[in-house]
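S.K.: To be precise about what I am sending: the file is called model22.cif and holds mmCIF, C-alpha atoms and all ligand atoms.
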data_final
loop_
_atom_site.label_atom_id
_atom_site.label_comp_id
_atom_site.auth_asym_id
_atom_site.auth_seq_id
_atom_site.Cartn_x
_atom_site.Cartn_y
_atom_site.Cartn_z
CA MET U 300 -11.98 -20.44 23.06
CA ASN U 301 -11.69 -21.98 26.52
CA SER U 302 -9.13 -20.59 28.93
CA ASN U 303 -6.69 -23.50 28.54
CA ASN U 304 -6.66 -23.19 24.79
CA ARG U 305 -6.26 -19.42 25.04
CA ARG U 306 -3.30 -19.81 27.42
CA ASP U 307 -1.67 -22.36 25.09
CA PHE U 308 -2.20 -20.15 22.09
CA LEU U 309 -0.82 -16.99 23.68
CA LYS U 310 2.14 -18.89 25.13
CA THR U 311 3.08 -20.35 21.75
CA ALA U 312 2.57 -17.06 19.98
CA ALA U 313 4.68 -15.19 22.52
CA LEU U 314 7.51 -17.60 21.82
CA GLY U 315 7.27 -16.63 18.19
CA VAL U 316 6.80 -20.24 17.12
CA PRO U 317 3.12 -20.74 16.45
CA SER U 318 2.31 -24.36 15.91
CA LEU U 319 -0.37 -25.58 13.56
CA LEU U 320 -2.08 -27.13 16.58
CA SER U 321 -2.59 -23.75 18.23
CA PHE U 322 -4.79 -22.66 15.33
CA THR U 323 -7.29 -25.48 15.31
CA SER U 324 -10.89 -24.34 15.12
CA THR U 325 -11.32 -24.88 18.87
CA ALA U 326 -8.30 -22.73 19.67
CA PHE U 327 -9.35 -19.98 17.26
CA ALA U 328 -13.11 -20.00 16.84
CA SER U 329 -14.18 -18.83 13.40
CA ASN U 330 -16.47 -15.97 14.38
CA GLY U 331 -15.66 -13.65 11.51
CA SER U 332 -18.30 -12.94 8.94
CA THR U 333 -18.22 -12.45 5.22
CA GLN U 334 -20.43 -9.97 3.44
CA SER U 335 -22.18 -10.87 0.22
CA LYS U 336 -20.03 -8.56 -1.93
CA THR U 337 -17.35 -10.46 -3.83
CA ASP U 338 -15.96 -7.68 -5.98
CA GLY U 339 -13.96 -4.57 -5.24
CA SER U 340 -16.90 -2.21 -5.31
CA ALA U 341 -17.20 -1.52 -1.57
CA SER U 342 -16.05 2.04 -0.98
CA ARG U 343 -14.24 4.18 1.56
CA VAL U 344 -13.56 7.90 1.84
CA LEU U 345 -10.07 9.39 1.96
CA GLY U 346 -9.90 12.85 3.52
CA SER U 347 -12.73 14.99 4.78
CA GLY U 348 -14.79 18.06 3.97
CA LYS U 349 -13.85 19.64 0.62
CA GLN U 350 -10.89 17.25 0.40
CA ALA U 351 -13.00 14.09 0.65
CA LEU U 352 -12.41 11.53 -2.07
CA LYS U 353 -14.57 8.41 -2.41
CA VAL U 354 -12.59 5.39 -3.59
CA SER U 355 -12.86 1.60 -3.65
CA SER U 356 -11.91 -0.04 -0.33
CA LEU U 357 -8.77 -1.40 -1.96
CA GLY U 358 -6.90 0.41 -4.69
CA LEU U 359 -4.52 -1.09 -7.22
CA GLY U 360 -0.80 -0.38 -6.97
CA CYS U 361 0.39 -0.24 -10.58
CA MET U 362 4.16 0.13 -10.03
CA GLY U 363 5.06 -3.55 -10.36
CA MET U 364 3.52 -3.72 -13.83
CA SER U 365 6.59 -1.82 -15.10
CA TYR U 366 9.10 -1.38 -12.30
CA HIS U 367 10.89 -2.84 -9.28
CA ARG U 368 9.20 -6.22 -9.07
CA SER U 369 11.72 -8.24 -11.13
CA PHE U 370 9.82 -9.09 -14.31
CA VAL U 371 7.92 -6.75 -16.63
CA PRO U 372 4.86 -8.54 -18.00
CA ASP U 373 3.47 -8.13 -21.48
CA ARG U 374 2.10 -4.59 -21.83
CA GLY U 375 -1.14 -5.68 -23.47
CA ALA U 376 -1.79 -8.13 -20.64
CA MET U 377 -1.32 -5.31 -18.12
CA ILE U 378 -3.73 -3.06 -20.00
CA SER U 379 -6.30 -5.87 -19.84
CA LEU U 380 -5.61 -6.35 -16.13
CA LEU U 381 -6.08 -2.64 -15.39
CA ARG U 382 -9.39 -2.69 -17.26
CA LYS U 383 -10.44 -5.85 -15.47
CA ALA U 384 -9.71 -4.14 -12.15
CA LYS U 385 -11.96 -1.27 -13.18
CA ASP U 386 -14.70 -3.76 -14.15
CA MET U 387 -14.35 -5.39 -10.75
CA GLY U 388 -15.04 -2.09 -9.01
CA VAL U 389 -11.54 -0.77 -8.32
CA THR U 390 -11.57 3.00 -8.66
CA LEU U 391 -8.20 3.99 -7.13
CA PHE U 392 -5.15 3.44 -9.34
CA ASP U 393 -1.72 4.35 -7.97
CA THR U 394 1.27 5.32 -10.11
CA ALA U 395 4.18 7.82 -10.05
CA GLU U 396 6.53 9.67 -12.37
CA ALA U 397 9.34 7.59 -10.82
CA TYR U 398 7.92 4.19 -11.80
CA GLY U 399 9.99 3.36 -14.83
CA PRO U 400 10.35 6.39 -14.91
CA ILE U 401 7.32 7.49 -16.93
CA ILE U 402 6.38 4.15 -18.56
CA ASN U 403 4.07 3.21 -15.71
CA GLU U 404 2.12 6.47 -15.99
CA GLN U 405 1.89 5.90 -19.75
CA LEU U 406 0.56 2.37 -19.22
CA VAL U 407 -2.04 3.53 -16.68
CA GLY U 408 -3.00 6.45 -18.92
CA GLU U 409 -3.58 4.27 -21.96
CA ALA U 410 -5.47 1.55 -20.09
CA LEU U 411 -7.82 3.87 -18.24
CA ALA U 412 -8.38 6.68 -20.75
CA PRO U 413 -11.73 5.22 -21.91
CA PHE U 414 -13.06 5.37 -18.33
CA ARG U 415 -11.31 8.50 -17.13
CA LYS U 416 -14.32 10.06 -15.42
CA GLU U 417 -15.17 6.85 -13.56
CA ILE U 418 -11.84 6.31 -11.88
CA ILE U 419 -9.36 8.05 -9.57
CA ILE U 420 -5.73 8.36 -10.62
CA ALA U 421 -3.07 9.06 -8.01
CA THR U 422 0.44 9.99 -9.11
CA LYS U 423 3.52 11.49 -7.45
CA PHE U 424 6.31 14.03 -7.92
CA GLY U 425 9.47 14.56 -5.93
CA PHE U 426 12.59 13.00 -7.50
CA LYS U 427 15.22 14.68 -9.65
CA ASN U 428 14.43 13.80 -13.26
CA GLY U 429 11.93 11.28 -11.86
CA ILE U 430 14.82 9.00 -10.88
CA PRO U 431 15.02 8.19 -7.14
CA SER U 432 18.78 7.47 -7.21
CA GLU U 433 19.42 11.04 -8.47
CA GLY U 434 17.95 12.58 -5.32
CA LEU U 435 14.98 14.70 -4.32
CA ASP U 436 13.51 17.66 -6.17
CA SER U 437 10.32 19.34 -5.00
CA ARG U 438 11.13 22.85 -6.20
CA PRO U 439 7.91 24.59 -7.32
CA GLU U 440 9.06 24.80 -10.95
CA ARG U 441 9.83 21.09 -10.95
CA ILE U 442 6.43 20.23 -9.42
CA ARG U 443 4.74 22.20 -12.20
CA GLN U 444 6.87 20.51 -14.85
CA VAL U 445 6.08 17.02 -13.48
CA VAL U 446 2.37 17.80 -13.41
CA GLU U 447 2.40 18.94 -17.05
CA ASN U 448 4.29 15.77 -18.03
CA SER U 449 2.01 13.52 -15.96
CA LEU U 450 -1.10 15.02 -17.53
CA LYS U 451 0.27 14.07 -20.95
CA HIS U 452 1.42 10.59 -19.92
CA LEU U 453 -1.88 9.89 -18.19
CA ARG U 454 -3.91 11.23 -21.14
CA THR U 455 -5.95 13.49 -18.92
CA ASP U 456 -6.46 17.15 -18.03
CA TYR U 457 -6.58 16.63 -14.26
CA ILE U 458 -4.85 14.51 -11.62
CA ASP U 459 -7.24 13.31 -8.92
CA LEU U 460 -4.64 12.89 -6.20
CA LEU U 461 -1.12 14.31 -6.38
CA TYR U 462 1.38 13.11 -3.77
CA GLN U 463 4.77 14.48 -2.84
CA HIS U 464 6.71 11.18 -3.09
CA ARG U 465 9.24 12.10 -0.39
CA VAL U 466 9.70 15.26 1.65
CA ASP U 467 12.54 17.36 0.19
CA PRO U 468 14.51 19.00 3.02
CA GLN U 469 15.79 21.66 0.58
CA VAL U 470 12.30 23.00 -0.16
CA PRO U 471 10.08 24.37 2.63
CA LEU U 472 6.82 22.44 2.91
CA GLU U 473 4.97 25.76 2.73
CA GLU U 474 6.29 26.19 -0.84
CA VAL U 475 5.38 22.63 -1.83
CA ALA U 476 1.86 22.82 -0.38
CA GLY U 477 1.44 26.33 -1.81
CA THR U 478 2.37 25.14 -5.29
CA VAL U 479 -0.06 22.22 -5.12
CA SER U 480 -2.70 24.62 -3.79
CA ASP U 481 -2.20 26.81 -6.88
CA LEU U 482 -2.44 23.75 -9.15
CA ILE U 483 -5.72 22.85 -7.45
CA LYS U 484 -7.04 26.37 -8.09
CA GLU U 485 -6.03 25.98 -11.74
CA GLY U 486 -7.99 22.69 -11.95
CA LYS U 487 -4.97 20.59 -12.92
CA VAL U 488 -4.94 18.76 -9.61
CA LYS U 489 -7.96 17.83 -7.47
CA HIS U 490 -6.44 16.62 -4.19
CA PHE U 491 -3.12 16.75 -2.32
CA GLY U 492 -1.26 13.94 -0.60
CA MET U 493 2.16 13.17 0.87
CA SER U 494 4.14 9.95 1.10
CA GLU U 495 6.33 8.89 4.04
CA ALA U 496 5.97 12.29 5.72
CA SER U 497 6.24 12.51 9.50
CA ALA U 498 3.34 13.65 11.68
CA ALA U 499 4.94 17.10 12.05
CA GLN U 500 5.47 17.42 8.28
CA VAL U 501 1.86 16.40 7.62
CA ARG U 502 0.63 19.05 10.07
CA LYS U 503 2.76 21.76 8.49
CA ALA U 504 1.67 21.04 4.93
CA HIS U 505 -1.97 20.48 5.93
CA ALA U 506 -2.10 24.00 7.38
CA ILE U 507 -1.36 25.42 3.91
CA GLN U 508 -3.23 22.98 1.67
CA PRO U 509 -5.36 20.36 3.48
CA LEU U 510 -4.34 16.83 2.58
CA THR U 511 -6.63 14.09 1.34
CA ALA U 512 -4.25 11.21 2.01
CA LEU U 513 -0.93 10.20 3.46
CA GLN U 514 0.60 7.23 1.63
CA SER U 515 3.23 5.37 3.64
CA GLU U 516 4.45 1.83 4.02
CA TYR U 517 2.17 -0.02 6.44
CA SER U 518 1.72 -3.74 6.81
CA LEU U 519 2.04 -6.47 9.39
CA MET U 520 5.80 -6.23 8.85
CA THR U 521 5.97 -2.41 9.06
CA ARG U 522 3.88 -1.17 11.94
CA SER U 523 5.63 2.22 12.42
CA PRO U 524 2.60 4.32 11.27
CA GLU U 525 0.85 3.15 14.45
CA GLN U 526 3.29 5.26 16.50
CA HIS U 527 2.23 8.70 15.27
CA VAL U 528 0.95 9.28 11.76
CA LEU U 529 -2.22 7.19 11.95
CA ASN U 530 -3.38 9.22 14.96
CA THR U 531 -2.47 12.45 13.20
CA CYS U 532 -4.45 11.42 10.13
CA GLU U 533 -7.44 10.53 12.28
CA GLU U 534 -7.26 13.86 14.15
CA LEU U 535 -6.95 15.94 10.97
CA GLY U 536 -9.42 13.95 8.86
CA ILE U 537 -6.78 12.71 6.41
CA GLY U 538 -7.04 9.32 4.73
CA PHE U 539 -4.25 6.77 5.01
CA VAL U 540 -3.08 4.67 2.06
CA PRO U 541 -0.76 1.79 3.05
CA TYR U 542 1.75 1.04 0.29
CA SER U 543 3.49 -2.35 0.08
CA PRO U 544 0.61 -3.72 2.21
CA LEU U 545 1.82 -7.27 1.52
CA SER U 546 5.38 -6.24 2.37
CA ARG U 547 6.38 -6.50 -1.30
CA GLY U 548 4.79 -9.93 -1.62
CA MET U 549 6.26 -11.47 1.54
CA LEU U 550 2.98 -11.63 3.47
CA SER U 551 1.37 -13.77 0.79
CA GLY U 552 3.77 -16.60 1.58
CA TYR U 553 4.57 -16.65 -2.14
CA LEU U 554 8.15 -15.44 -1.61
CA HIS U 555 10.63 -17.59 0.30
CA GLU U 556 14.34 -17.80 1.07
CA ARG U 557 15.13 -19.32 -2.35
CA THR U 558 13.19 -16.73 -4.38
CA LYS U 559 15.37 -15.33 -7.18
CA TYR U 560 14.98 -11.64 -8.00
CA ASN U 561 16.13 -9.72 -11.04
CA ALA U 562 18.30 -7.13 -9.31
CA ALA U 563 18.27 -4.90 -12.42
CA ASN U 564 14.55 -4.29 -11.86
CA ASP U 565 13.85 -4.98 -8.20
CA ASN U 566 14.76 -3.21 -4.98
CA ARG U 567 14.16 -6.27 -2.79
CA PRO U 568 17.63 -7.84 -3.28
CA SER U 569 19.11 -4.70 -1.68
CA LEU U 570 16.69 -4.53 1.24
CA PRO U 571 17.62 -6.28 4.52
CA ARG U 572 14.13 -7.75 5.04
CA TYR U 573 14.34 -9.84 1.84
CA GLN U 574 17.68 -11.47 2.63
CA LYS U 575 17.61 -15.22 3.27
CA GLU U 576 18.25 -15.03 7.04
CA ALA U 577 15.52 -12.42 7.56
CA VAL U 578 13.00 -14.36 5.47
CA ILE U 579 13.61 -17.48 7.56
CA ALA U 580 13.51 -15.53 10.84
CA ASN U 581 10.24 -13.83 9.91
CA TRP U 582 8.53 -16.97 8.63
CA PRO U 583 6.49 -17.56 11.85
CA LEU U 584 4.46 -14.48 10.87
CA ILE U 585 3.45 -16.11 7.59
CA GLU U 586 2.53 -19.29 9.45
CA ILE U 587 0.19 -17.39 11.76
CA LEU U 588 -1.55 -15.78 8.76
CA LYS U 589 -1.77 -19.09 6.97
CA ASP U 590 -3.12 -20.98 9.98
CA PHE U 591 -5.70 -18.27 10.68
CA GLY U 592 -6.75 -18.25 7.02
CA ASP U 593 -6.87 -22.04 6.71
CA GLN U 594 -9.67 -22.13 9.29
CA ARG U 595 -11.69 -19.55 7.42
CA GLY U 596 -11.13 -20.16 3.74
CA LEU U 597 -8.77 -17.20 3.42
CA THR U 598 -5.25 -16.97 2.02
CA ALA U 599 -2.40 -15.41 3.99
CA ALA U 600 -2.52 -12.34 1.70
CA GLN U 601 -6.24 -11.91 2.36
CA VAL U 602 -5.75 -12.07 6.13
CA ALA U 603 -2.95 -9.47 5.89
CA LEU U 604 -5.12 -7.10 3.82
CA ALA U 605 -8.27 -7.65 5.90
CA TRP U 606 -6.22 -6.86 9.02
CA LEU U 607 -5.21 -3.48 7.55
CA LEU U 608 -8.80 -2.69 6.53
CA ALA U 609 -9.98 -3.54 10.05
CA LYS U 610 -7.56 -1.05 11.62
CA LYS U 611 -9.36 2.14 10.60
CA THR U 612 -12.18 3.00 8.23
CA PHE U 613 -10.03 5.69 6.59
CA ILE U 614 -7.41 3.14 5.49
CA VAL U 615 -7.29 2.13 1.80
CA PRO U 616 -4.47 -0.33 0.96
CA ILE U 617 -3.07 -0.48 -2.56
CA PRO U 618 -1.65 -3.98 -3.12
CA GLY U 619 0.19 -4.36 -6.39
CA THR U 620 -0.17 -7.32 -8.68
CA THR U 621 0.39 -8.39 -12.27
CA LYS U 622 -1.99 -11.36 -12.08
CA ALA U 623 -5.76 -11.53 -12.39
CA ALA U 624 -5.87 -14.40 -9.89
CA HIS U 625 -4.07 -12.30 -7.25
CA LEU U 626 -6.28 -9.31 -8.05
CA HIS U 627 -9.43 -11.38 -7.35
CA GLU U 628 -7.85 -12.75 -4.20
CA ASN U 629 -6.78 -9.36 -2.88
CA LEU U 630 -10.10 -7.62 -3.56
CA ALA U 631 -12.01 -10.40 -1.81
CA ALA U 632 -10.12 -9.51 1.39
CA ALA U 633 -12.58 -6.61 1.75
CA ASP U 634 -15.38 -9.15 2.21
CA TYR U 635 -14.03 -10.44 5.48
CA SER U 636 -15.06 -8.84 8.77
CA PHE U 637 -13.24 -9.94 11.89
CA ASP U 638 -15.04 -10.73 15.07
CA PRO U 639 -13.47 -8.29 17.62
CA SER U 640 -12.10 -11.04 19.86
CA GLU U 641 -10.50 -13.03 17.02
CA LEU U 642 -8.94 -9.82 15.73
CA GLU U 643 -7.51 -9.12 19.16
CA GLN U 644 -6.06 -12.64 19.42
CA LEU U 645 -4.65 -12.57 15.91
CA THR U 646 -3.07 -9.15 16.49
CA ALA U 647 -1.54 -10.32 19.78
CA ALA U 648 -0.05 -13.37 18.08
CA LEU U 649 1.34 -11.34 15.18
CA SER U 650 2.66 -8.59 17.44
CA ALA U 651 4.67 -11.14 19.41
CA ILE U 652 6.86 -11.80 16.37
CA LYS U 653 9.89 -9.51 16.27
CA ILE U 654 10.44 -8.58 12.64
CA VAL U 655 14.02 -9.09 11.46
CA GLY U 656 15.54 -6.83 8.78
CA ASP U 657 14.91 -3.17 7.99
CA ARG U 658 12.52 -2.27 5.17
CA TYR U 659 14.99 0.25 3.66
CA THR U 660 18.69 1.05 3.94
CA GLY U 661 20.98 3.95 3.06
CA ILE U 662 19.54 7.10 1.52
CA SER U 663 16.08 5.54 1.08
CA ALA U 664 15.87 4.97 4.85
CA THR U 665 16.77 8.60 5.58
CA GLN U 666 14.00 9.83 3.27
CA THR U 667 11.20 8.30 5.33
CA GLY U 668 9.44 10.00 8.24
CA GLN U 669 7.60 7.94 10.86
N1 LIG U 701 4.79 5.83 -1.99
C1 LIG U 701 5.82 5.04 -2.12
O1 LIG U 701 6.95 5.39 -1.82
C2 LIG U 701 5.60 3.64 -2.63
C3 LIG U 701 6.62 2.68 -2.53
C4 LIG U 701 6.37 1.39 -3.01
C5 LIG U 701 5.14 1.08 -3.57
N2 LIG U 701 4.18 2.05 -3.68
C6 LIG U 701 2.86 1.75 -4.27
O2 LIG U 701 2.29 0.64 -3.57
C7 LIG U 701 1.94 -0.38 -4.50
C8 LIG U 701 2.11 -1.75 -3.89
O3 LIG U 701 3.40 -1.89 -3.32
P1 LIG U 701 4.43 -3.07 -3.64
O4 LIG U 701 4.27 -3.57 -5.01
O5 LIG U 701 5.74 -2.55 -3.19
O6 LIG U 701 4.06 -4.19 -2.57
P2 LIG U 701 2.83 -5.16 -2.26
O7 LIG U 701 1.59 -4.67 -2.83
O8 LIG U 701 2.94 -5.39 -0.80
O9 LIG U 701 3.30 -6.50 -2.97
C9 LIG U 701 3.32 -6.65 -4.36
C10 LIG U 701 3.98 -7.97 -4.65
O10 LIG U 701 3.20 -9.01 -4.10
C11 LIG U 701 2.78 -9.94 -5.08
N3 LIG U 701 1.37 -10.26 -4.80
C12 LIG U 701 0.31 -9.42 -4.79
N4 LIG U 701 -0.82 -10.06 -4.44
C13 LIG U 701 -0.45 -11.34 -4.23
C14 LIG U 701 -1.15 -12.49 -3.85
N5 LIG U 701 -2.47 -12.45 -3.61
N6 LIG U 701 -0.47 -13.68 -3.72
C15 LIG U 701 0.85 -13.72 -3.96
N7 LIG U 701 1.60 -12.66 -4.31
C16 LIG U 701 0.94 -11.47 -4.46
C17 LIG U 701 2.96 -9.24 -6.40
O11 LIG U 701 3.37 -10.18 -7.39
P3 LIG U 701 2.40 -10.63 -8.57
O12 LIG U 701 2.51 -9.54 -9.58
O13 LIG U 701 3.00 -11.91 -8.99
O14 LIG U 701 1.03 -10.74 -7.99
C18 LIG U 701 4.09 -8.23 -6.13
O15 LIG U 701 5.35 -8.78 -6.37
C19 LIG U 701 2.86 -0.13 -5.70
O16 LIG U 701 2.32 -0.67 -6.89
C20 LIG U 701 2.93 1.37 -5.73
O17 LIG U 701 1.80 1.89 -6.43
C21 LIG U 701 4.39 3.31 -3.21
#
With the file now loaded, output its structure as structure tokens.
Ligand SMILES: NC(=O)c1ccc[n+]([C@@H]2O[C@H](COP(=O)([O-])OP(=O)(O)OC[C@H]3O[C@@H](n4cnc5c(N)ncnc54)[C@H](OP(=O)(O)O)[C@@H]3O)[C@@H](O)[C@H]2O)c1

M.R.:
Amino acid sequence: MNSNNRRDFLKTAALGVPSLLSFTSTAFASNGSTQSKTDGSASRVLGSGKQALKVSSLGLGCMGMSYHRSFVPDRGAMISLLRKAKDMGVTLFDTAEAYGPIINEQLVGEALAPFRKEIIIATKFGFKNGIPSEGLDSRPERIRQVVENSLKHLRTDYIDLLYQHRVDPQVPLEEVAGTVSDLIKEGKVKHFGMSEASAAQVRKAHAIQPLTALQSEYSLMTRSPEQHVLNTCEELGIGFVPYSPLSRGMLSGYLHERTKYNAANDNRPSLPRYQKEAVIANWPLIEILKDFGDQRGLTAAQVALAWLLAKKTFIVPIPGTTKAAHLHENLAAADYSFDPSELEQLTAALSAIKIVGDRYTGISATQTGQ
């Protein structure tokens, strides 16, 4: 990129209105490389030492197959999709008691039972009766009860990675981590994780039972983990699993201000970031991803996922999908390696966009650490 083009590009990006012209191949040289792998079989390691867990570079978020993403596809089709993901090299499958509740664990359990030893199942405890709107419940007896239920629903005798879904202020973290530690000694659980815990909460729990992974929302629209928890994970040797890595579909460019949601089975209609005004205000971000991808044969979703993978080697995003085409697309994001200078320019352009609309509101917002 010559200095005039660079100045033009940065100026336009700083204004938050990237133009198509600023992303021509001269303005944004295509220096990135693709590796030969075109499936999901490249691997990464979450956690360290005895807590290390080798997984595919991208996992599969299974929630939307049953819960919170408007439609619920045919169950048989989702079983086929889960098996296809396994065939394509995905080894990390993410579910939770709360997804449904229960039906998502049952789906994952049925689909993956024939390959149990070849894959990693992550599930979560932490809500009263498994229903987020009823509040938090991480009492030791409840954790044990959820684990027994999850083992049945998942058709297995061990859970590879057990997360606390949200920190419960009523139950000391020492008790939570201690209970999971006991479950690990009993062989029912292999590894411990937390979700949306703050850096201080991660440290406290890690001192009792070392964590393998922290799972929190992280994407180009939610950069808060960069403030503290990513550094804490790096320091302590804990893996980081970004959930909603496509910002619930937004970063693919597939959603727009006229998208209709089924509010009975979707949290997006209640979240500020998915309201019409916010979608329009945030659209320049999608345009940057699209323009960058257009020069390189990538989709906006692939650029968003490749960007996360490029951040740290201990990051393993778990995009959710109900479509084989999107699964192929998302896994292929792992094939793209950014040239350092193009990554720097892309990040600068994206960072110049001020994101409009919070990711959560109300009680959900208060349950997240940073
Ligand atoms: N720990 C937590 O508190 C927490 C919270 C939320 C989610 N999660 C986990 O994270 C996983 C993913 O999160 P998420 O579903 O909220 O968000 P996401 O992965 O950012 O986005 C999923 C949405 O994007 C669409 N999509 C995926 N790939 C696409 C592509 N290539 N092109 C166009 N659209 C695409 C999907 O629709 P299609 O089905 O049409 O592809 C779906 O509606 C969940 O399944 C769950 O396991 C954890």

S.K.: Find, counting all atoms listed in the file, the residue in U:Thr558, U:Gln644, U:Thr394, U:Asn403 that gets nearest to ligand LIG 701 (chain U).

M.R.: U:Thr394

S.K.: Which residues are close to stretch 362-377 of chain U, i.e. within 6 Å by all atoms listed in the file, leaving aside same-chain residues fewer than 6 positions away? Reply as a list in words.

M.R.: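 These residues fall inside the cut-off: Thr394, Tyr398, Gly399, Asn403, Tyr560, Asn561, Asn564, Asp565, Asn566 and Thr621 of chain U.
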
S.K.: Could you dump the residues just selected with C-alpha atoms as a CSV table (one decimal), keeping the file's coordinate frame?

M.R.:
chain,number,residue,atom,x,y,z
U,394,THR,CA,1.3,5.3,-10.1
U,398,TYR,CA,7.9,4.2,-11.8
U,399,GLY,CA,10.0,3.4,-14.8
U,403,ASN,CA,4.1,3.2,-15.7
U,560,TYR,CA,15.0,-11.6,-8.0
U,561,ASN,CA,16.1,-9.7,-11.0
U,564,ASN,CA,14.6,-4.3,-11.9
U,565,ASP,CA,13.8,-5.0,-8.2
U,566,ASN,CA,14.8,-3.2,-5.0
U,621,THR,CA,0.4,-8.4,-12.3

S.K.: Can you tell me how far atom CA of U:Asp638 sits from atom CA of U:Met520, in Å to one decimal?

M.R.: 22.2 Å

S.K.: Name the residues, by chain letter and number, that sit within 7 Å of ligand LIG 701 (chain U) using all atoms listed in the file, and give them as JSON, numbers by chain.

M.R.: {"U": [359, 360, 361, 362, 363, 368, 393, 394, 464, 494, 495, 514, 515, 516, 542, 543, 544, 545, 546, 547, 548, 549, 551, 552, 553, 600, 617, 618, 619, 620, 621, 622, 625, 626, 628, 629]}

S.K.: Find the residue from U:Thr598, U:Thr660, U:Gln350, U:Ser342 that sits nearest to U:Tyr573; use only C-alpha atoms when measuring.

M.R.: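 Closest to U:Tyr573, using only C-alpha atoms: U:Thr660.
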
S.K.: As a list in words, please: the residues near U:Ala599 (cut-off 10 Å, only C-alpha atoms, same-chain neighbours under 5 positions excluded).

M.R.: Leu545, Met549, Leu550, Ser551, Gly552, Tyr553, Leu584, Ile585, Glu586, Ile587, Leu588, Lys589, Asp590, Phe591, Gly592, Asp593, Leu604 and Ala605 of chain U

S.K.: Neighbours of U:Leu381 within 8 Å (all atoms listed in the file; same-chain residues fewer than 5 positions away dropped), as a list in words?

M.R.: Val407, Ala410 and Leu411 of chain U

S.K.: Need to verify the contact set: U:Arg658, 7 Å, only C-alpha atoms, exclusion of same-chain residues closer than 6 positions in sequence. Can you return it as a ChimeraX atom specification?

M.R.: /U:570-572

S.K.: With all atoms listed in the file as the counted atoms, please give the residues lying no more than 7 Å from stretch 497-509 of chain U, apart from itself and same-chain residues fewer than 3 positions off, as a PyMOL selection string.

M.R.: chain U and resi 472-473+476-477+480+527-528+531+668-669

S.K.: Next, dump the selected residues to file, keeping only C-alpha atoms, as a CSV table (one decimal), keeping the file's coordinate frame.

M.R.:
chain,number,residue,atom,x,y,z
U,472,LEU,CA,6.8,22.4,2.9
U,473,GLU,CA,5.0,25.8,2.7
U,476,ALA,CA,1.9,22.8,-0.4
U,477,GLY,CA,1.4,26.3,-1.8
U,480,SER,CA,-2.7,24.6,-3.8
U,527,HIS,CA,2.2,8.7,15.3
U,528,VAL,CA,1.0,9.3,11.8
U,531,THR,CA,-2.5,12.4,13.2
U,668,GLY,CA,9.4,10.0,8.2
U,669,GLN,CA,7.6,7.9,10.9

S.K.: Have a look at atom CA of U:Ile418 and atom CA of U:Thr390 and let me know their distance in Å, one decimal.

M.R.: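 Here the two named atoms are 4.6 Å from each other.
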
S.K.: When you draw a straight line from atom CA of U:Ser347 to atom CA of U:Gly536, how long is it in Å?

M.R.: 5.4 Å

S.K.: Determine the nearest neighbour of U:Ser449 from the options U:Trp606, U:Tyr517, U:Phe414, U:Phe424, counting all atoms listed in the file.

M.R.: U:Phe424

S.K.: Which residue gives the smallest distance to U:Gly358 among U:Ile420, U:Tyr457, U:Ser437, U:Gln526, with all atoms listed in the file counted?

M.R.: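 Comparing U:Ile420, U:Tyr457, U:Ser437, U:Gln526 against U:Gly358, the winner is U:Ile420.
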